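Asker: Input structure: my_file.txt, which contains compact mmCIF, C-alpha atoms (C1' of nucleotides).
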# COMPACT_ATOMS: atom_id res chain seq x y z
CA MET G 91 55.74 -84.08 5.65
CA SER G 92 54.75 -80.66 4.47
CA ILE G 93 52.56 -78.63 6.75
CA ILE G 94 51.05 -75.68 5.01
CA PHE G 95 53.16 -75.34 1.88
CA SER G 96 53.78 -77.77 -0.96
CA ARG G 97 57.10 -79.50 -1.45
CA GLN G 98 57.71 -77.32 -4.51
CA CYS G 99 57.23 -74.28 -2.35
CA GLU G 100 59.64 -75.52 0.30
CA TYR G 101 62.24 -76.26 -2.37
CA ALA G 102 61.73 -72.80 -3.84
CA LEU G 103 62.30 -71.16 -0.46
CA GLN G 104 65.45 -73.16 0.10
CA ALA G 105 66.86 -72.48 -3.33
CA VAL G 106 66.18 -68.76 -3.24
CA THR G 107 67.73 -68.54 0.21
CA TYR G 108 70.82 -70.29 -1.13
CA LEU G 109 71.05 -67.82 -3.99
CA ALA G 110 70.87 -64.97 -1.50
CA LEU G 111 74.02 -66.30 0.18
CA LYS G 112 75.98 -65.68 -3.05
CA PRO G 113 77.61 -62.39 -4.06
CA VAL G 114 75.16 -60.15 -5.89
CA GLY G 115 74.89 -60.95 -9.58
CA GLU G 116 76.74 -64.27 -9.38
CA LYS G 117 75.00 -67.07 -11.28
CA THR G 118 74.45 -70.47 -9.67
CA SER G 119 73.74 -73.63 -11.64
CA ILE G 120 70.96 -76.11 -10.92
CA LYS G 121 73.66 -78.72 -10.50
CA GLU G 122 75.21 -76.86 -7.58
CA LEU G 123 71.84 -76.16 -6.01
CA THR G 124 70.62 -79.75 -6.17
CA LYS G 125 73.95 -81.01 -4.89
CA LYS G 126 74.03 -78.71 -1.88
CA LEU G 127 70.33 -78.79 -1.07
CA GLY G 128 69.48 -82.39 -1.95
CA ILE G 129 66.63 -81.45 -4.27
CA PRO G 130 65.89 -83.52 -7.44
CA TYR G 131 67.60 -81.94 -10.45
CA HIS G 132 64.87 -81.67 -13.05
CA PHE G 133 62.21 -80.94 -10.49
CA LEU G 134 64.16 -77.97 -9.21
CA GLY G 135 64.72 -76.86 -12.79
CA LYS G 136 60.97 -76.54 -13.31
CA ILE G 137 60.49 -74.66 -10.07
CA LEU G 138 63.25 -72.17 -10.85
CA GLN G 139 61.89 -71.62 -14.37
CA ASP G 140 58.59 -70.77 -12.75
CA LEU G 141 60.24 -68.24 -10.46
CA VAL G 142 62.02 -66.69 -13.45
CA TYR G 143 58.68 -66.38 -15.23
CA LYS G 144 57.25 -64.66 -12.16
CA GLY G 145 60.16 -62.24 -12.11
CA LEU G 146 61.68 -63.31 -8.79
CA LEU G 147 64.77 -64.82 -10.41
CA ILE G 148 66.79 -64.23 -13.55
CA SER G 149 68.53 -66.91 -15.56
CA GLN G 150 71.20 -67.29 -18.19
CA LYS G 151 71.90 -70.22 -20.48
CA GLY G 152 75.20 -71.70 -21.48
CA PRO G 153 78.45 -72.30 -19.63
CA THR G 154 78.86 -69.89 -16.71
CA GLY G 155 75.06 -69.61 -16.85
CA GLY G 156 72.66 -70.28 -14.01
CA PHE G 157 70.20 -68.49 -11.76
CA ALA G 158 70.38 -65.39 -9.62
CA LEU G 159 67.96 -63.21 -7.67
CA GLY G 160 65.87 -60.93 -9.85
CA LEU G 161 65.54 -58.36 -7.06
CA PRO G 162 67.63 -57.32 -4.06
CA ALA G 163 67.32 -60.03 -1.39
CA ARG G 164 65.73 -57.64 1.08
CA ASP G 165 62.95 -56.90 -1.41
CA ILE G 166 61.90 -60.54 -1.76
CA THR G 167 59.63 -61.61 1.09
CA LEU G 168 58.79 -65.19 1.95
CA PHE G 169 55.25 -64.42 0.89
CA HIS G 170 56.39 -63.46 -2.61
CA ILE G 171 57.69 -66.97 -3.08
CA VAL G 172 54.82 -68.75 -1.36
CA GLU G 173 52.35 -66.80 -3.46
CA ALA G 174 54.24 -67.49 -6.68
CA ILE G 175 54.26 -71.25 -6.12
CA ASP G 176 51.25 -72.15 -3.97
CA GLY G 177 49.01 -69.13 -4.38
CA SER G 178 47.42 -67.47 -1.37
CA GLY G 179 44.60 -69.98 -0.75
CA PHE G 180 45.58 -70.47 2.87
CA THR G 181 44.34 -66.96 3.60
CA THR G 182 40.74 -67.72 2.68
CA ASN G 183 39.46 -71.23 3.43
CA CYS G 184 38.12 -72.67 6.68
CA VAL G 185 40.97 -74.50 8.38
CA LEU G 186 38.67 -77.37 9.34
CA GLY G 187 37.10 -77.55 5.88
CA PHE G 188 33.53 -76.60 6.79
CA PRO G 189 31.95 -75.42 3.55
CA GLU G 190 29.45 -73.07 5.22
CA CYS G 191 32.06 -71.41 7.40
CA SER G 192 32.46 -67.67 6.82
CA SER G 193 32.72 -64.46 8.82
CA THR G 194 28.94 -64.10 8.95
CA ASN G 195 28.62 -67.78 9.71
CA PRO G 196 31.67 -68.83 11.70
CA CYS G 197 32.61 -72.31 12.87
CA ALA G 198 33.79 -72.63 16.47
CA VAL G 199 37.42 -71.91 15.64
CA HIS G 200 36.85 -69.34 12.89
CA GLU G 201 37.99 -66.33 14.87
CA SER G 202 40.79 -68.15 16.57
CA TRP G 203 42.16 -69.47 13.27
CA GLY G 204 41.75 -66.03 11.74
CA ARG G 205 44.20 -64.63 14.28
CA HIS G 206 46.72 -67.40 13.70
CA ARG G 207 46.37 -67.10 9.94
CA GLU G 208 46.95 -63.37 10.08
CA GLY G 209 49.99 -63.96 12.30
CA ILE G 210 51.41 -66.47 9.83
CA TYR G 211 50.73 -64.10 6.96
CA GLN G 212 52.57 -61.31 8.76
CA MET G 213 55.41 -63.69 9.46
CA LEU G 214 55.76 -64.35 5.73
CA VAL G 215 55.36 -60.74 4.69
CA ASN G 216 57.74 -59.33 7.28
CA ARG G 217 60.60 -61.70 6.63
CA ASN G 218 62.73 -61.25 3.57
CA ILE G 219 65.23 -63.53 1.90
CA ALA G 220 68.19 -61.53 3.18
CA GLU G 221 67.12 -62.31 6.74
CA MET G 222 66.59 -65.95 5.88
CA ALA G 223 70.06 -66.14 4.39
CA ARG G 224 71.61 -64.53 7.45
CA ALA G 225 70.03 -67.15 9.72
CA MET G 226 71.35 -69.91 7.45
CA LYS G 227 74.89 -68.56 7.45
CA LYS G 228 75.74 -69.91 10.87
CA PRO G 229 78.49 -72.54 11.05
CA GLU G 230 75.99 -75.31 11.79
CA TYR G 231 74.52 -74.98 8.31
CA ALA G 232 77.37 -76.82 6.68
CA ALA G 233 75.12 -78.22 4.00
CA ILE G 234 74.04 -74.81 2.85
CA ARG G 235 77.08 -72.70 3.62
CA LYS G 236 79.85 -74.43 1.79
CA MET V 123 41.96 -76.65 -0.91
CA SER V 124 43.02 -78.11 2.37
CA ILE V 125 45.34 -76.03 4.49
CA ILE V 126 46.88 -78.05 7.26
CA PHE V 127 44.69 -81.14 7.47
CA SER V 128 43.92 -83.81 4.89
CA ARG V 129 40.52 -84.06 3.24
CA GLN V 130 39.84 -87.21 5.25
CA CYS V 131 40.48 -85.27 8.41
CA GLU V 132 38.15 -82.45 7.37
CA TYR V 133 35.42 -84.98 6.55
CA ALA V 134 35.95 -86.66 9.91
CA LEU V 135 35.57 -83.36 11.75
CA GLN V 136 32.39 -82.55 9.85
CA ALA V 137 30.85 -85.98 10.38
CA VAL V 138 31.62 -86.13 14.07
CA THR V 139 30.22 -82.64 14.54
CA TYR V 140 27.05 -83.74 12.79
CA LEU V 141 26.76 -86.74 15.09
CA ALA V 142 27.10 -84.43 18.08
CA LEU V 143 23.99 -82.56 16.94
CA LYS V 144 21.91 -85.72 17.40
CA PRO V 145 20.33 -86.85 20.70
CA VAL V 146 22.75 -88.90 22.75
CA GLY V 147 22.83 -92.56 21.73
CA GLU V 148 20.91 -92.10 18.47
CA LYS V 149 22.50 -93.89 15.51
CA THR V 150 23.03 -92.11 12.21
CA SER V 151 23.59 -93.92 8.90
CA ILE V 152 26.34 -93.17 6.41
CA LYS V 153 23.60 -92.47 3.90
CA GLU V 154 22.22 -89.61 5.96
CA LEU V 155 25.68 -88.23 6.65
CA THR V 156 26.82 -88.22 3.04
CA LYS V 157 23.52 -86.73 1.93
CA LYS V 158 23.61 -83.87 4.41
CA LEU V 159 27.32 -83.20 4.30
CA GLY V 160 28.07 -83.90 0.63
CA ILE V 161 30.84 -86.37 1.36
CA PRO V 162 31.40 -89.43 -0.91
CA TYR V 163 29.59 -92.46 0.52
CA HIS V 164 32.21 -95.20 0.59
CA PHE V 165 35.00 -92.79 1.38
CA LEU V 166 33.18 -91.61 4.46
CA GLY V 167 32.48 -95.23 5.38
CA LYS V 168 36.20 -95.92 5.57
CA ILE V 169 36.87 -92.82 7.63
CA LEU V 170 34.15 -93.64 10.15
CA GLN V 171 35.35 -97.23 10.45
CA ASP V 172 38.75 -95.80 11.29
CA LEU V 173 37.26 -93.62 14.01
CA VAL V 174 35.38 -96.61 15.41
CA TYR V 175 38.66 -98.54 15.53
CA LYS V 176 40.27 -95.62 17.37
CA GLY V 177 37.42 -95.59 19.89
CA LEU V 178 36.01 -92.17 19.07
CA LEU V 179 32.81 -93.58 17.54
CA ILE V 180 30.68 -96.67 18.00
CA SER V 181 28.77 -98.44 15.23
CA GLN V 182 25.98 -100.93 14.77
CA LYS V 183 25.13 -103.02 11.70
CA GLY V 184 21.74 -103.81 10.26
CA PRO V 185 18.57 -101.76 9.80
CA THR V 186 18.34 -98.98 12.42
CA GLY V 187 22.12 -99.31 12.64
CA GLY V 188 24.62 -96.51 12.10
CA PHE V 189 27.22 -94.47 13.93
CA ALA V 190 27.23 -92.50 17.16
CA LEU V 191 29.78 -90.80 19.39
CA GLY V 192 31.82 -93.19 21.48
CA LEU V 193 32.35 -90.58 24.21
CA PRO V 194 30.43 -87.57 25.49
CA ALA V 195 30.77 -84.75 22.94
CA ARG V 196 32.54 -82.49 25.40
CA ASP V 197 35.22 -85.13 25.94
CA ILE V 198 36.17 -85.32 22.26
CA THR V 199 38.52 -82.52 21.31
CA LEU V 200 39.32 -81.45 17.76
CA PHE V 201 42.83 -82.68 18.38
CA HIS V 202 41.58 -86.19 19.16
CA ILE V 203 40.16 -86.41 15.65
CA VAL V 204 43.06 -84.70 13.92
CA GLU V 205 45.50 -86.99 15.68
CA ALA V 206 43.45 -90.09 14.84
CA ILE V 207 43.36 -89.31 11.12
CA ASP V 208 46.45 -87.23 10.27
CA GLY V 209 48.74 -87.87 13.21
CA SER V 210 50.48 -85.01 14.98
CA GLY V 211 53.28 -84.36 12.47
CA PHE V 212 52.46 -80.68 12.18
CA THR V 213 53.84 -80.16 15.67
CA THR V 214 57.40 -81.09 14.74
CA ASN V 215 58.64 -80.14 11.28
CA CYS V 216 60.02 -76.82 10.01
CA VAL V 217 57.16 -74.95 8.38
CA LEU V 218 59.38 -73.84 5.51
CA GLY V 219 60.85 -77.32 5.07
CA PHE V 220 64.46 -76.54 5.91
CA PRO V 221 66.02 -79.88 6.84
CA GLU V 222 68.62 -78.43 9.21
CA CYS V 223 66.13 -76.28 11.08
CA SER V 224 65.84 -77.08 14.79
CA SER V 225 65.75 -75.29 18.10
CA THR V 226 69.55 -75.25 18.34
CA ASN V 227 69.75 -74.28 14.70
CA PRO V 228 66.72 -72.18 13.89
CA CYS V 229 65.68 -70.75 10.52
CA ALA V 230 64.59 -67.13 10.47
CA VAL V 231 60.97 -67.91 11.28
CA HIS V 232 61.56 -70.83 13.64
CA GLU V 233 60.53 -69.03 16.82
CA SER V 234 57.73 -67.16 15.21
CA TRP V 235 56.24 -70.34 13.73
CA GLY V 236 56.71 -72.11 17.06
CA ARG V 237 54.37 -69.60 18.67
CA HIS V 238 51.76 -69.96 15.95
CA ARG V 239 52.01 -73.73 16.00
CA GLU V 240 51.51 -73.82 19.75
CA GLY V 241 48.54 -71.50 19.37
CA ILE V 242 46.98 -73.75 16.75
CA TYR V 243 47.61 -76.78 18.92
CA GLN V 244 45.91 -75.10 21.86
CA MET V 245 43.02 -74.18 19.60
CA LEU V 246 42.54 -77.84 18.72
CA VAL V 247 42.98 -79.11 22.26
CA ASN V 248 40.74 -76.53 23.88
CA ARG V 249 37.78 -76.93 21.55
CA ASN V 250 35.54 -79.93 21.88
CA ILE V 251 32.92 -81.35 19.58
CA ALA V 252 30.06 -80.08 21.71
CA GLU V 253 31.25 -76.51 21.12
CA MET V 254 31.67 -77.19 17.42
CA ALA V 255 28.13 -78.52 17.23
CA ARG V 256 26.74 -75.51 19.05
CA ALA V 257 28.36 -73.15 16.54
CA MET V 258 26.89 -75.19 13.70
CA LYS V 259 23.38 -75.14 15.13
CA LYS V 260 22.65 -71.61 14.01
CA PRO V 261 19.88 -71.12 11.45
CA GLU V 262 22.37 -70.29 8.71
CA TYR V 263 23.71 -73.84 8.74
CA ALA V 264 20.75 -75.22 6.82
CA ALA V 265 22.88 -77.89 5.18
CA ILE V 266 23.95 -79.35 8.49
CA ARG V 267 20.98 -78.66 10.70
CA LYS V 268 18.08 -80.13 8.79
C1' DA P 58 12.94 -118.31 7.66
C1' DT P 59 13.33 -114.58 4.60
C1' DA P 60 14.07 -109.98 3.01
C1' DA P 61 15.80 -105.54 3.58
C1' DA P 62 19.02 -102.29 5.43
C1' DT P 63 22.97 -101.48 7.28
C1' DT P 64 28.24 -101.70 8.35
C1' DC P 65 32.60 -104.18 7.11
C1' DA P 66 36.52 -105.41 4.13
C1' DG P 67 39.32 -105.68 0.24
C1' DA P 68 40.33 -104.63 -4.32
C1' DG P 69 40.19 -101.41 -7.95
C1' DT P 70 40.12 -96.67 -10.36
C1' DA P 71 41.10 -91.55 -10.83
C1' DA P 72 43.38 -87.49 -9.98
C1' DA P 73 46.90 -84.80 -8.02
C1' DA P 74 51.52 -84.25 -6.45
C1' DC P 75 56.09 -85.45 -7.04
C1' DA P 76 59.83 -86.64 -9.91
C1' DT P 77 62.41 -88.13 -14.27
C1' DC P 78 63.73 -88.44 -19.16
C1' DT P 79 64.90 -86.71 -23.61
C1' DG P 80 65.97 -83.54 -26.85
C1' DA P 81 66.11 -78.73 -28.27
C1' DT P 82 68.14 -74.07 -27.74
C1' DA P 83 71.33 -70.65 -26.19
C1' DT P 84 76.01 -69.12 -24.86
C1' DA P 85 80.94 -69.00 -23.54
C1' DC P 86 85.34 -69.99 -24.90
C1' DA P 87 89.14 -72.66 -26.97
C1' DT E 2 83.49 -72.33 -35.78
C1' DG E 3 83.02 -76.24 -33.04
C1' DT E 4 82.33 -78.15 -28.54
C1' DA E 5 80.99 -78.24 -23.97
C1' DT E 6 77.81 -76.62 -20.59
C1' DA E 7 73.97 -74.52 -19.29
C1' DT E 8 68.74 -73.57 -19.25
C1' DC E 9 64.19 -74.52 -21.59
C1' DA E 10 60.19 -77.34 -22.82
C1' DG E 11 57.32 -81.10 -23.23
C1' DA E 12 56.32 -85.78 -22.50
C1' DT E 13 56.50 -89.54 -19.42
C1' DG E 14 56.77 -92.17 -15.18
C1' DT E 15 55.95 -92.85 -10.06
C1' DT E 16 53.79 -92.23 -5.63
C1' DT E 17 50.34 -90.62 -2.70
C1' DT E 18 45.78 -89.16 -1.87
C1' DA E 19 41.15 -89.29 -3.05
C1' DC E 20 37.41 -91.88 -4.32
C1' DT E 21 34.54 -96.20 -6.13
C1' DC E 22 32.96 -100.86 -6.68
C1' DT E 23 31.56 -105.33 -5.23
C1' DG E 24 30.42 -108.66 -2.24
C1' DA E 25 30.44 -110.22 2.04
C1' DA E 26 28.57 -110.28 7.34
C1' DT E 27 25.27 -108.62 10.69
C1' DT E 28 20.98 -107.25 12.43
C1' DT E 29 15.97 -105.92 12.41
C1' DA E 30 11.37 -106.75 11.13
C1' DT E 31 7.95 -109.27 8.70
Mind turning this structure into structure tokens?

Answerer:
Amino acid sequence: MSIIFSRQCEYALQAVTYLALKPVGEKTSIKELTKKLGIPYHFLGKILQDLVYKGLLISQKGPTGGFALGLPARDITLFHIVEAIDGSGFTTNCVLGFPECSSTNPCAVHESWGRHREGIYQMLVNRNIAEMARAMKKPEYAAIRK
Amino acid sequence: MSIIFSRQCEYALQAVTYLALKPVGEKTSIKELTKKLGIPYHFLGKILQDLVYKGLLISQKGPTGGFALGLPARDITLFHIVEAIDGSGFTTNCVLGFPECSSTNPCAVHESWGRHREGIYQMLVNRNIAEMARAMKKPEYAAIRK
DNA sequence: ATAAATTCAGAGTAAAACATCTGATATACA
DNA sequence: TGTATATCAGATGTTTTACTCTGAATTTAT
């Protein structure tokens, strides 16, 4: 069950993190990604194309082709990816869905949610893909490491 | 766009808040609710039935029938409603969707998200429907008040 | 009793999200 | 230059969520 982000977005985060574990410049095929991450082949293809279009990845066709990061891993934040796939809608709407809720007209949790939302936003902005990859490199992450 | 909770859940929160604005024991019809809140008639009917089944509301058929709170407004927390409609899945899964992520095996934002999640949970548990209703009672909330 | 207003219950429809299929296009390398 | 292996692109299928329709059953008031 996805919480805040769509499945596409989660897949994107996982795939980009995987790419960041590879030597710089090395291309990785969709086949390898779907095999290691358990993401549907064609679905992932679409998502990666999207990230190429947005400039976060680069791609190359043909044998030895594949995908690689379009920027240094430390320059890609989690928010870059979230924004590219899901947009930044979670930063604006009332968390409880009250249509009239706004800063001049707050619902009972407006302020409280505002703090949490800002915290989550900072979490996404302050973490980059290099850090994500480092956390995933531990021996327990057999699925991703090998 | 819904953020964390389903549309059903948002509608439920809005409807129950509206009911809390009424004098204790007074029944309110689906017709009035959908008119004032802009929620689809039959869809809301289903949601309210569900809340009756879960014991949060009571209902009565026939003319002068309708729905009312099943408990005192201050005894119904936001979490009661969220749990009744969406379950409490948001308290368990990795926010970025990493399958291997756990407390023994955390992703790079695991701890950070854990704090935010706990904060959001507390926000839902510590706010009751009476407080929600009070916030909605301000003159700006024409749509809900009148 | 009868009529009107309401919830209740189950099936049906629509739209969005998730996923697959098929064929074209590019590229490396034998 | 041909063949294999990739991505690219568009159409199609599936599942879940959102929403609607229809006809009961219940209750109030005339």

Asker: Using all atoms listed in the file, find each residue in chain G having at least one atom no more than 8 Å away from chain P; report its shortest atom-to-atom pair and that distance in Å (one decimal), rows by chain then rising number, as CSV.

Answerer:
residue,atom,partner,partner_atom,distance
G:Pro130,CA,P:DA76,C1',7.2
G:His132,CA,P:DT77,C1',7.0
G:Phe133,CA,P:DA76,C1',6.2
G:Lys151,CA,P:DA83,C1',5.8
G:Gly152,CA,P:DT84,C1',4.3
G:Pro153,CA,P:DA85,C1',5.7
G:Thr154,CA,P:DA85,C1',7.2

Asker: Write the selection just made, keeping C-alpha atoms, as a compact mmCIF listing (two decimals), in the frame of the given file?

Answerer:
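Generated file (again_19.txt):
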# COMPACT_ATOMS: atom_id res chain seq x y z
CA PRO G 130 65.89 -83.52 -7.44
CA HIS G 132 64.87 -81.67 -13.05
CA PHE G 133 62.21 -80.94 -10.49
CA LYS G 151 71.90 -70.22 -20.48
CA GLY G 152 75.20 -71.70 -21.48
CA PRO G 153 78.45 -72.30 -19.63
CA THR G 154 78.86 -69.89 -16.71

Asker: Please return, as a list in words, all residues of chain V lying within 6 Å of chain G when only C-alpha atoms are considered.

Answerer: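 The answer, sorted by residue number, is Ile125, Ile126, Glu132, Phe212, Leu218, Gly219, Cys229, Ala230, Met254 and Ala257 of chain V.
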
Asker: Go ahead and write the selection's residues with C-alpha atoms as a compact mmCIF listing (two decimals), keeping the file's coordinate frame.

Answerer:
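Everything below was put into part-v2.txt:
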# COMPACT_ATOMS: atom_id res chain seq x y z
CA ILE V 125 45.34 -76.03 4.49
CA ILE V 126 46.88 -78.05 7.26
CA GLU V 132 38.15 -82.45 7.37
CA PHE V 212 52.46 -80.68 12.18
CA LEU V 218 59.38 -73.84 5.51
CA GLY V 219 60.85 -77.32 5.07
CA CYS V 229 65.68 -70.75 10.52
CA ALA V 230 64.59 -67.13 10.47
CA MET V 254 31.67 -77.19 17.42
CA ALA V 257 28.36 -73.15 16.54

Asker: Can you work out which one of E:DT21, E:DT31, E:DT15, E:DT2 has the shortest atom-to-atom distance to chain V, counting all atoms listed in the file?

Answerer: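 Residue with the minimum atom-to-atom distance to chain V: E:DT21.
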
Asker: Each residue of chain E with at least one atom at most 9 Å from chain G should appear once, together with its nearest atom pair and the corresponding distance in Å (one decimal); atoms considered: only C-alpha atoms (C1' of nucleotides); ordering: chain, then increasing residue number; output as JSON lines.

Answerer:
{"residue": "E:DA5", "atom": "C1'", "partner": "G:Pro153", "partner_atom": "CA", "distance": 7.8}
{"residue": "E:DT6", "atom": "C1'", "partner": "G:Pro153", "partner_atom": "CA", "distance": 4.5}
{"residue": "E:DA7", "atom": "C1'", "partner": "G:Gly152", "partner_atom": "CA", "distance": 3.8}
{"residue": "E:DT8", "atom": "C1'", "partner": "G:Lys151", "partner_atom": "CA", "distance": 4.8}
{"residue": "E:DC9", "atom": "C1'", "partner": "G:Gln139", "partner_atom": "CA", "distance": 8.1}

Asker: State, in Å with one decimal place, the distance from atom CA of V:Leu191 to atom CA of V:Ala142.

Answerer: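 It comes out at 7.0 Å.
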
Asker: One number please: atom CA of V:Gln130 to atom CA of V:Ile169, in Å, one decimal.

Answerer: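 Rounded to one decimal, the two atoms are 6.8 Å apart.
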
Asker: Just give me the gap between atom CA of G:Lys117 and atom CA of G:Asn216 in Å, one decimal is fine.

Answerer: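 So the two atoms, atom CA of G:Lys117 and atom CA of G:Asn216, lie 26.5 Å apart.
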
Asker: Using only C-alpha atoms (C1' of nucleotides) - which residues lie no farther than 9 Å from the point (29.0, -89.4, 19.0) in the file's frame? Write them as an MDAnalysis selection string.

Answerer: chainID V and resid 138:144 146:149 178:180 189:195 198 251
